[in-house]
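**Q** The structure file start_22.txt (compact mmCIF, C-alpha atoms) is provided below.
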# COMPACT_ATOMS: atom_id res chain seq x y z
CA MET K 1 268.06 120.22 191.73
CA LYS K 2 270.38 117.31 192.30
CA LYS K 3 274.13 116.96 192.20
CA LYS K 4 274.07 115.29 188.80
CA ASP K 5 272.11 118.22 187.38
CA VAL K 6 274.90 120.57 188.38
CA PHE K 7 277.50 118.25 186.83
CA LEU K 8 275.43 118.10 183.67
CA ILE K 9 275.14 121.88 183.40
CA CYS K 10 278.89 122.22 184.00
CA GLY K 11 279.45 119.56 181.34
CA VAL K 12 277.40 121.48 178.79
CA LEU K 13 279.26 124.70 179.64
CA LEU K 14 282.59 122.88 179.28
CA LEU K 15 281.47 121.52 175.91
CA ALA K 16 280.59 125.05 174.82
CA LEU K 17 284.07 126.20 175.85
CA LEU K 18 285.70 123.30 173.97
CA ALA K 19 283.65 124.03 170.86
CA PHE K 20 284.71 127.65 171.13
CA LEU K 21 288.41 126.77 171.45
CA ALA K 22 288.13 124.32 168.55
CA SER K 23 286.55 126.94 166.34
CA ARG K 24 289.45 129.30 167.18
CA LEU K 25 292.07 126.65 166.46
CA PHE K 26 290.63 125.58 163.15
CA MET K 27 289.92 129.05 161.91
CA PRO K 28 291.29 129.28 158.39
CA GLN K 29 294.17 131.69 157.99
CA SER K 30 294.99 133.42 154.76
CA SER K 31 297.87 135.70 153.87
CA SER K 32 295.50 138.58 153.27
CA ALA K 33 292.07 139.50 154.57
CA GLN K 34 289.40 137.72 152.59
CA VAL K 35 285.68 137.58 152.11
CA THR K 36 284.11 134.29 151.07
CA VAL K 37 280.48 134.06 150.07
CA TYR K 38 278.66 130.73 150.18
CA ILE K 39 275.32 129.69 148.77
CA GLY K 40 274.24 126.53 150.54
CA GLY K 41 277.44 124.55 150.95
CA GLU K 42 279.10 125.90 147.80
CA VAL K 43 281.56 128.75 147.48
CA TYR K 44 279.93 131.44 145.36
CA ALA K 45 282.61 134.11 145.42
CA GLU K 46 285.96 134.69 147.04
CA VAL K 47 287.30 138.24 147.04
CA ALA K 48 289.95 140.25 148.83
CA ALA K 49 288.62 142.41 151.63
CA ASP K 50 290.25 145.52 150.16
CA ASP K 51 288.59 144.93 146.82
CA TYR K 52 285.64 147.22 147.52
CA GLN K 53 282.51 146.14 145.69
CA THR K 54 278.86 145.29 145.86
CA ILE K 55 277.97 141.64 145.39
CA THR K 56 274.39 140.95 144.38
CA ILE K 57 273.27 137.35 144.68
CA ASP K 58 270.06 136.65 142.80
CA GLN K 59 269.17 133.00 143.15
CA GLY K 60 266.37 133.35 140.62
CA ASP K 61 263.56 132.21 142.89
CA GLY K 62 262.90 135.54 144.54
CA LYS K 63 265.87 135.24 146.91
CA VAL K 64 268.14 138.25 146.53
CA ASN K 65 270.95 139.26 148.86
CA VAL K 66 273.16 142.31 148.47
CA ILE K 67 276.55 142.30 150.17
CA ILE K 68 278.63 145.47 150.31
CA ILE K 69 282.37 145.53 150.90
CA ASP K 70 283.79 149.01 151.51
CA GLU K 71 286.23 150.84 153.80
CA SER K 72 283.99 150.33 156.84
CA GLY K 73 283.96 146.57 156.33
CA VAL K 74 281.64 143.86 155.12
CA ARG K 75 277.89 143.98 155.55
CA MET K 76 274.65 142.54 154.25
CA ASP K 77 272.97 145.57 152.74
CA SER K 78 269.65 143.95 151.95
CA SER K 79 268.00 140.58 151.84
CA THR K 80 264.62 139.32 150.72
CA CYS K 81 264.38 137.06 153.76
CA LYS K 82 261.69 137.44 156.38
CA ASN K 83 263.68 137.77 159.59
CA GLN K 84 266.37 140.24 158.36
CA ILE K 85 268.82 138.96 160.97
CA CYS K 86 271.62 139.11 158.40
CA VAL K 87 270.88 142.77 157.58
CA HIS K 88 270.90 143.74 161.26
CA HIS K 89 274.22 141.97 161.80
CA SER K 90 276.94 144.50 162.58
CA VAL K 91 279.51 145.44 159.96
CA ILE K 92 282.53 143.14 160.06
CA ASP K 93 285.85 144.92 159.83
CA PRO K 94 288.30 142.51 158.14
CA GLN K 95 291.19 143.99 160.17
CA GLN K 96 289.50 142.77 163.31
CA ALA K 97 287.95 139.58 161.97
CA ASN K 98 290.43 137.41 163.84
CA GLU K 99 289.74 139.10 167.14
CA LEU K 100 285.98 138.80 166.77
CA LEU K 101 284.69 136.00 168.90
CA LEU K 102 282.63 133.59 166.82
CA ASP K 103 281.31 136.46 164.89
CA ASN K 104 283.20 136.57 161.63
CA TRP K 105 280.17 135.16 159.79
CA ILE K 106 277.08 136.84 158.45
CA VAL K 107 274.45 134.20 157.84
CA CYS K 108 271.12 134.48 156.09
CA LEU K 109 269.48 131.22 157.06
CA PRO K 110 266.26 131.52 155.03
CA ASN K 111 268.11 132.30 151.80
CA GLY K 112 270.98 129.90 152.48
CA VAL K 113 273.59 132.63 152.02
CA SER K 114 276.58 132.92 154.33
CA VAL K 115 279.53 135.31 154.31
CA GLU K 116 282.81 134.51 155.99
CA VAL K 117 285.35 137.21 156.75
CA THR K 118 288.86 135.97 157.43
CA GLY K 119 291.54 138.32 158.65
CA ALA K 120 295.15 138.24 157.55
CA GLU K 121 297.67 136.17 159.49
CA ASP K 122 299.45 139.10 161.07
CA GLY K 123 296.33 141.15 161.38
CA ARG K 124 297.30 143.55 158.60
CA MET J 1 249.64 102.20 171.31
CA ASN J 2 246.46 100.50 172.22
CA ARG J 3 244.87 102.79 174.68
CA LYS J 4 241.58 104.30 175.31
CA TRP J 5 241.43 108.05 175.17
CA GLY J 6 238.81 108.93 177.69
CA ALA J 7 237.02 112.26 177.66
CA SER J 8 239.06 113.61 180.56
CA THR J 9 242.33 112.67 178.86
CA VAL J 10 241.24 114.34 175.64
CA ALA J 11 240.22 117.45 177.55
CA LYS J 12 243.47 117.51 179.49
CA LEU J 13 245.62 117.07 176.38
CA GLY J 14 243.62 119.72 174.53
CA LEU J 15 244.20 122.15 177.36
CA LEU J 16 247.92 121.35 177.54
CA THR J 17 248.26 121.74 173.76
CA ALA J 18 246.65 125.16 173.98
CA VAL J 19 248.93 126.16 176.85
CA ALA J 20 252.00 125.00 174.90
CA ILE J 21 250.98 126.96 171.79
CA VAL J 22 250.23 130.10 173.78
CA LEU J 23 253.55 129.86 175.67
CA GLY J 24 255.37 129.38 172.38
CA TYR J 25 253.68 132.47 170.98
CA PHE J 26 254.09 134.50 174.15
CA GLU J 27 257.83 133.92 173.94
CA HIS J 28 258.02 135.87 170.71
CA LEU J 29 256.70 138.93 172.54
CA LEU J 30 259.37 138.78 175.24
CA PRO J 31 262.54 140.66 174.45
CA VAL J 32 264.53 138.10 176.44
CA THR J 33 267.23 137.42 173.92
CA GLY J 34 268.53 139.40 171.03
CA ILE J 35 270.55 136.42 169.92
CA PRO J 36 269.26 134.78 166.74
CA GLY J 37 268.08 131.22 167.25
CA VAL J 38 267.95 131.52 171.02
CA LYS J 39 264.64 131.38 172.85
CA LEU J 40 263.54 130.47 176.32
CA GLY J 41 261.61 127.35 175.39
CA LEU J 42 258.71 127.93 177.77
CA ALA J 43 256.53 125.50 175.83
CA ASN J 44 258.89 122.78 176.93
CA THR J 45 257.57 123.08 180.47
CA VAL J 46 254.31 121.61 179.15
CA LEU J 47 256.16 118.64 177.65
CA LEU J 48 258.03 118.17 180.92
CA TYR J 49 254.71 118.25 182.73
CA ALA J 50 253.36 115.53 180.44
CA LEU J 51 256.53 113.50 180.81
CA TYR J 52 256.52 113.65 184.61
CA LEU J 53 252.88 113.78 185.58
CA LEU J 54 251.18 112.05 182.63
CA ASP J 55 252.81 109.48 180.40
CA ILE J 56 255.09 109.15 177.37
CA PRO J 57 252.37 108.69 174.68
CA SER J 58 250.70 111.89 175.89
CA ALA J 59 254.01 113.75 175.69
CA ILE J 60 254.62 112.51 172.14
CA LEU J 61 251.13 113.48 171.02
CA LEU J 62 251.47 116.90 172.65
CA MET J 63 254.76 117.56 170.90
CA PHE J 64 253.33 116.72 167.46
CA LEU J 65 250.21 118.80 168.05
CA LYS J 66 252.21 121.76 169.32
CA VAL J 67 254.69 121.71 166.44
CA GLY J 68 252.01 121.14 163.83
CA ILE J 69 249.52 123.75 164.99
CA SER J 70 252.13 126.41 165.84
CA GLY J 71 253.77 125.81 162.48
CA LEU J 72 250.50 126.29 160.63
CA MET J 73 249.51 129.34 162.64
CA PHE J 74 252.74 131.31 162.96
CA GLY J 75 255.33 129.77 160.69
CA GLY J 76 255.82 128.33 157.27
CA PRO J 77 257.13 125.00 156.03
CA ALA J 78 260.72 125.97 156.90
CA VAL J 79 259.86 126.98 160.46
CA MET J 80 257.89 123.78 160.84
CA LEU J 81 260.82 121.67 159.67
CA TYR J 82 263.12 123.29 162.23
CA SER J 83 260.72 122.98 165.13
CA PHE J 84 259.81 119.46 164.12
CA ALA J 85 263.46 118.35 164.17
CA GLY J 86 264.04 120.15 167.47
CA GLY J 87 260.87 118.72 168.99
CA VAL J 88 261.49 115.12 167.99
CA LEU J 89 265.14 114.95 169.06
CA SER J 90 264.63 116.81 172.32
CA LEU J 91 261.67 114.64 173.25
CA ILE J 92 263.62 111.43 172.55
CA VAL J 93 266.50 112.69 174.68
CA MET J 94 264.17 113.82 177.46
CA ILE J 95 262.34 110.48 177.54
CA LEU J 96 265.69 108.71 177.94
CA ALA J 97 266.97 111.24 180.48
CA ARG J 98 263.74 111.03 182.47
CA ASN J 99 264.57 107.43 183.31
CA MET J 100 268.15 108.15 184.30
CA ARG J 101 268.87 107.99 187.99
CA GLY J 102 270.04 111.11 189.73
CA LEU J 103 268.72 113.61 187.21
CA SER J 104 265.97 115.95 188.25
CA VAL J 105 263.64 117.82 185.94
CA VAL J 106 266.25 120.58 185.63
CA GLY J 107 268.84 118.18 184.18
CA VAL J 108 266.28 116.64 181.86
CA SER J 109 265.28 120.10 180.68
CA VAL J 110 268.91 121.08 180.00
CA LEU J 111 269.47 117.90 177.97
CA GLY J 112 266.27 118.60 176.06
CA ALA J 113 267.40 122.14 175.29
CA VAL J 114 270.80 120.93 174.07
CA ALA J 115 269.15 118.31 171.87
CA HIS J 116 266.71 120.89 170.51
CA ASN J 117 269.47 123.29 169.52
CA VAL J 118 271.69 120.57 168.06
CA ALA J 119 268.82 119.21 165.95
CA GLN J 120 268.05 122.67 164.59
CA MET J 121 271.70 123.22 163.78
CA LEU J 122 271.80 119.95 161.87
CA VAL J 123 268.78 121.04 159.83
CA ALA J 124 270.42 124.40 159.19
CA CYS J 125 273.52 122.59 157.89
CA LEU J 126 271.35 121.25 155.04
CA PHE J 127 270.72 124.77 153.76
CA VAL J 128 273.80 126.75 154.69
CA GLU J 129 277.56 126.20 154.66
CA ALA J 130 278.14 123.88 157.62
CA ARG J 131 281.10 125.83 159.01
CA ALA J 132 278.93 128.92 159.37
CA ILE J 133 276.58 126.93 161.56
CA LEU J 134 279.30 125.14 163.52
CA ALA J 135 280.87 128.49 164.41
CA TYR J 136 277.64 129.15 166.23
CA LEU J 137 277.69 125.91 168.25
CA PRO J 138 279.30 127.40 171.40
CA VAL J 139 276.67 130.13 171.55
CA LEU J 140 273.83 127.64 171.21
CA LEU J 141 275.31 125.26 173.81
CA LEU J 142 275.76 128.08 176.28
CA ALA J 143 272.22 129.24 175.56
CA ALA J 144 270.88 125.72 176.06
CA ALA J 145 272.53 125.49 179.49
CA VAL J 146 270.92 128.75 180.56
CA THR J 147 267.46 128.41 178.99
CA GLY J 148 267.26 124.69 179.87
CA SER J 149 268.00 125.43 183.53
CA LEU J 150 265.46 128.24 183.61
CA THR J 151 262.61 126.25 182.06
CA GLY J 152 263.58 123.27 184.21
CA LEU J 153 263.30 125.40 187.34
CA ILE J 154 259.98 126.83 186.17
CA ALA J 155 258.73 123.29 185.59
CA ARG J 156 259.97 122.20 189.00
CA TYR J 157 258.10 124.91 190.85
CA THR J 158 255.02 124.37 188.70
CA PHE J 159 255.07 120.67 189.57
CA LYS J 160 255.43 121.47 193.24
CA SER J 161 252.12 123.24 193.29
CA LEU J 162 250.44 120.71 191.01
CA ARG J 163 251.91 117.54 192.35
CA PRO J 164 250.32 116.75 195.71
CA LYS J 165 247.01 115.77 194.23
CA SER J 166 248.44 113.68 191.42
CA VAL J 167 250.89 111.93 193.75
CA TYR J 168 247.98 111.19 196.00
CA ASP J 169 246.02 109.86 193.02
CA ASN J 170 248.91 107.69 191.87
CA GLU J 171 249.45 106.28 195.31
CA ARG J 172 245.81 105.52 195.74
CA ALA J 173 245.80 103.80 192.37
CA LYS J 174 248.93 101.88 193.28
CA ASN J 175 247.62 100.83 196.64
CA SER J 176 244.39 99.56 195.25
CA ALA J 177 246.26 97.65 192.56
CA ASP J 178 249.07 96.26 194.70
CA SER J 179 247.52 95.22 197.94
CA PRO J 180 244.50 93.02 198.14
CA ARG J 181 241.58 94.77 199.67
CA LYS J 182 241.31 94.14 203.37
CA SER J 183 237.89 95.36 204.18
Represent the structure contained in this file as structure tokens.

**A**
Amino acid sequence: MKKKDVFLICGVLLLALLAFLASRLFMPQSSSAQVTVYIGGEVYAEVAADDYQTITIDQGDGKVNVIIIDESGVRMDSSTCKNQICVHHSVIDPQQANELLLDNWIVCLPNGVSVEVTGAEDGR
Amino acid sequence: MNRKWGASTVAKLGLLTAVAIVLGYFEHLLPVTGIPGVKLGLANTVLLYALYLLDIPSAILLMFLKVGISGLMFGGPAVMLYSFAGGVLSLIVMILARNMRGLSVVGVSVLGAVAHNVAQMLVACLFVEARAILAYLPVLLLAAAVTGSLTGLIARYTFKSLRPKSVYDNERAKNSADSPRKS
């Protein structure tokens, strides 16, 4: 391993840190805790985090995702995708969404569904 | 690419392709990471081997064979698209990095890992809200630094035990080409 390799690795780590800080800085803030559901790049639904409900997204081609918002938080209850990463994702508590590092998203890559949980400005 | 593929080259590339596919599959069995989208990238050691101890056309061919066959065997069209994008971009970056002064195989491997992850993120942005993917960028960069270093080190120690003969071969070839025969 040469000197430049070490510089390079440090550079990549620094870039990761910068990307992390940028994502914190540009995190959208809303006056109340919110849940935004996207299909592809489009907003599908935008609801308040205290508006408990079950959102079923049936894209018509066999892709079905069920998102549940209740007192414990926001979670992907089921998905027709193969890897089930989104279903295994931990429940996101909207009260703590701002403190969560990088992890205020639940993404189902195969079905193109993503859920963003944004906390309120003052954390309430 | 006007070159003759001799029987020994074909055999060697076939063997390397098989090794790459097996390593790629073997990785799935290792519980190394629980982080989605993060894997060790052991198959990349084979590409690094081709890049350092064979030549660029061999590395390109290996990459296409590995992505194509693995995709058909273990994945679907979506998986193939992701690994194809990752494979192409990382190989381009590694070919360029290979010729940079001062970088060893570890640095080249790290750059390849970064390129691989970035390419896959770009593909993911086609299907999912881009901000969801970008939020994941720090994780994937950090992962690339770690996995790239590890596979780079593995490649380095593999080369060490494989190299003496091939260096000897290269030097012999060079000597016979460069200097006019004395005896």

**Q** For chain J, which residues have at least one atom within 6 Å of chain K, if we go by only C-alpha atoms? Write them as a list in words, please.

**A**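 Therefore, the residues near the partner are Gly102, Leu103, Ser104, Gly107, Phe127, Val128, Glu129, Ala135, Pro138, Leu141, Leu142 and Ala145 of chain J.
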
**Q** Taking 3 positions as the minimum chain separation for residues in the same chain, which residues sit within 12 Å of Pro57 of chain J when counting all atoms listed in the file? Answer as number ranges by chain.

**A** J: 1-5, 9, 13, 47, 50-52, 54, 60-64, 91-92, 95

**Q** Show me, as JSON, the centre and edge lengths in Å to one decimal of the axis-aligned box that covers every listed atom of segment 62-73 of chain K with 5 Å on each side.

**A**
{"center_x": 274.6, "center_y": 143.0, "center_z": 150.7, "size_x": 33.3, "size_y": 25.6, "size_z": 22.3}

**Q** With all atoms listed in the file as the atoms that count, which of J:Leu162, J:Val88, J:Ala115, J:Leu40 lies nearest to Ala59 of chain J?

**A**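 Answer, going by the shortest atom-to-atom distance: J:Val88.
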
**Q** At what distance in Å, to one decimal, does atom CA of Gly76 of chain J lie from atom CA of Val46 of chain J?

**A**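 Distance reported for this atom pair: 22.9 Å.
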
**Q** If we count only C-alpha atoms and set the cut-off at 10 Å, which residues sit around Ala49 of chain K, ignoring sequence neighbours fewer than 5 positions away in its own chain? Please answer as a VMD selection string.

**A** chain K and resid 32 to 36 69 to 71 73 to 74 93 to 95 117 to 120

**Q** So how many Å separate atom CA of Leu65 of chain J and atom CA of Leu140 of chain J, to one decimal?

**A**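 Separating atom CA of Leu65 of chain J from atom CA of Leu140 of chain J is a distance of 25.4 Å.
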
**Q** Write a file for segment 72-98 of chain K, containing C-alpha atoms (output as a PDB file, in the first residue's frame).

**A**
ATOM      1  CA  SER K  72     -45.570   3.277  17.047  1.00  0.00           C
ATOM      2  CA  GLY K  73     -44.524   5.062  13.863  1.00  0.00           C
ATOM      3  CA  VAL K  74     -44.276   4.415  10.160  1.00  0.00           C
ATOM      4  CA  ARG K  75     -43.514   1.024   8.689  1.00  0.00           C
ATOM      5  CA  MET K  76     -43.761  -1.013   5.510  1.00  0.00           C
ATOM      6  CA  ASP K  77     -46.151  -3.763   6.503  1.00  0.00           C
ATOM      7  CA  SER K  78     -45.853  -5.833   3.367  1.00  0.00           C
ATOM      8  CA  SER K  79     -44.425  -5.690  -0.103  1.00  0.00           C
ATOM      9  CA  THR K  80     -44.557  -7.955  -3.116  1.00  0.00           C
ATOM     10  CA  CYS K  81     -40.864  -7.409  -3.785  1.00  0.00           C
ATOM     11  CA  LYS K  82     -38.327 -10.201  -3.682  1.00  0.00           C
ATOM     12  CA  ASN K  83     -35.764  -8.923  -1.201  1.00  0.00           C
ATOM     13  CA  GLN K  84     -38.167  -7.604   1.504  1.00  0.00           C
ATOM     14  CA  ILE K  85     -35.561  -5.109   2.695  1.00  0.00           C
ATOM     15  CA  CYS K  86     -38.270  -2.471   3.074  1.00  0.00           C
ATOM     16  CA  VAL K  87     -40.400  -4.756   5.276  1.00  0.00           C
ATOM     17  CA  HIS K  88     -37.444  -5.553   7.534  1.00  0.00           C
ATOM     18  CA  HIS K  89     -36.617  -1.868   7.914  1.00  0.00           C
ATOM     19  CA  SER K  90     -37.220  -0.735  11.485  1.00  0.00           C
ATOM     20  CA  VAL K  91     -40.273   1.329  12.370  1.00  0.00           C
ATOM     21  CA  ILE K  92     -39.597   5.052  12.002  1.00  0.00           C
ATOM     22  CA  ASP K  93     -40.897   7.155  14.864  1.00  0.00           C
ATOM     23  CA  PRO K  94     -41.737  10.599  13.422  1.00  0.00           C
ATOM     24  CA  GLN K  95     -40.816  12.242  16.756  1.00  0.00           C
ATOM     25  CA  GLN K  96     -37.274  11.025  16.272  1.00  0.00           C
ATOM     26  CA  ALA K  97     -37.047  11.287  12.502  1.00  0.00           C
ATOM     27  CA  ASN K  98     -34.758  14.306  12.700  1.00  0.00           C
TER      28      ASN K  98
END
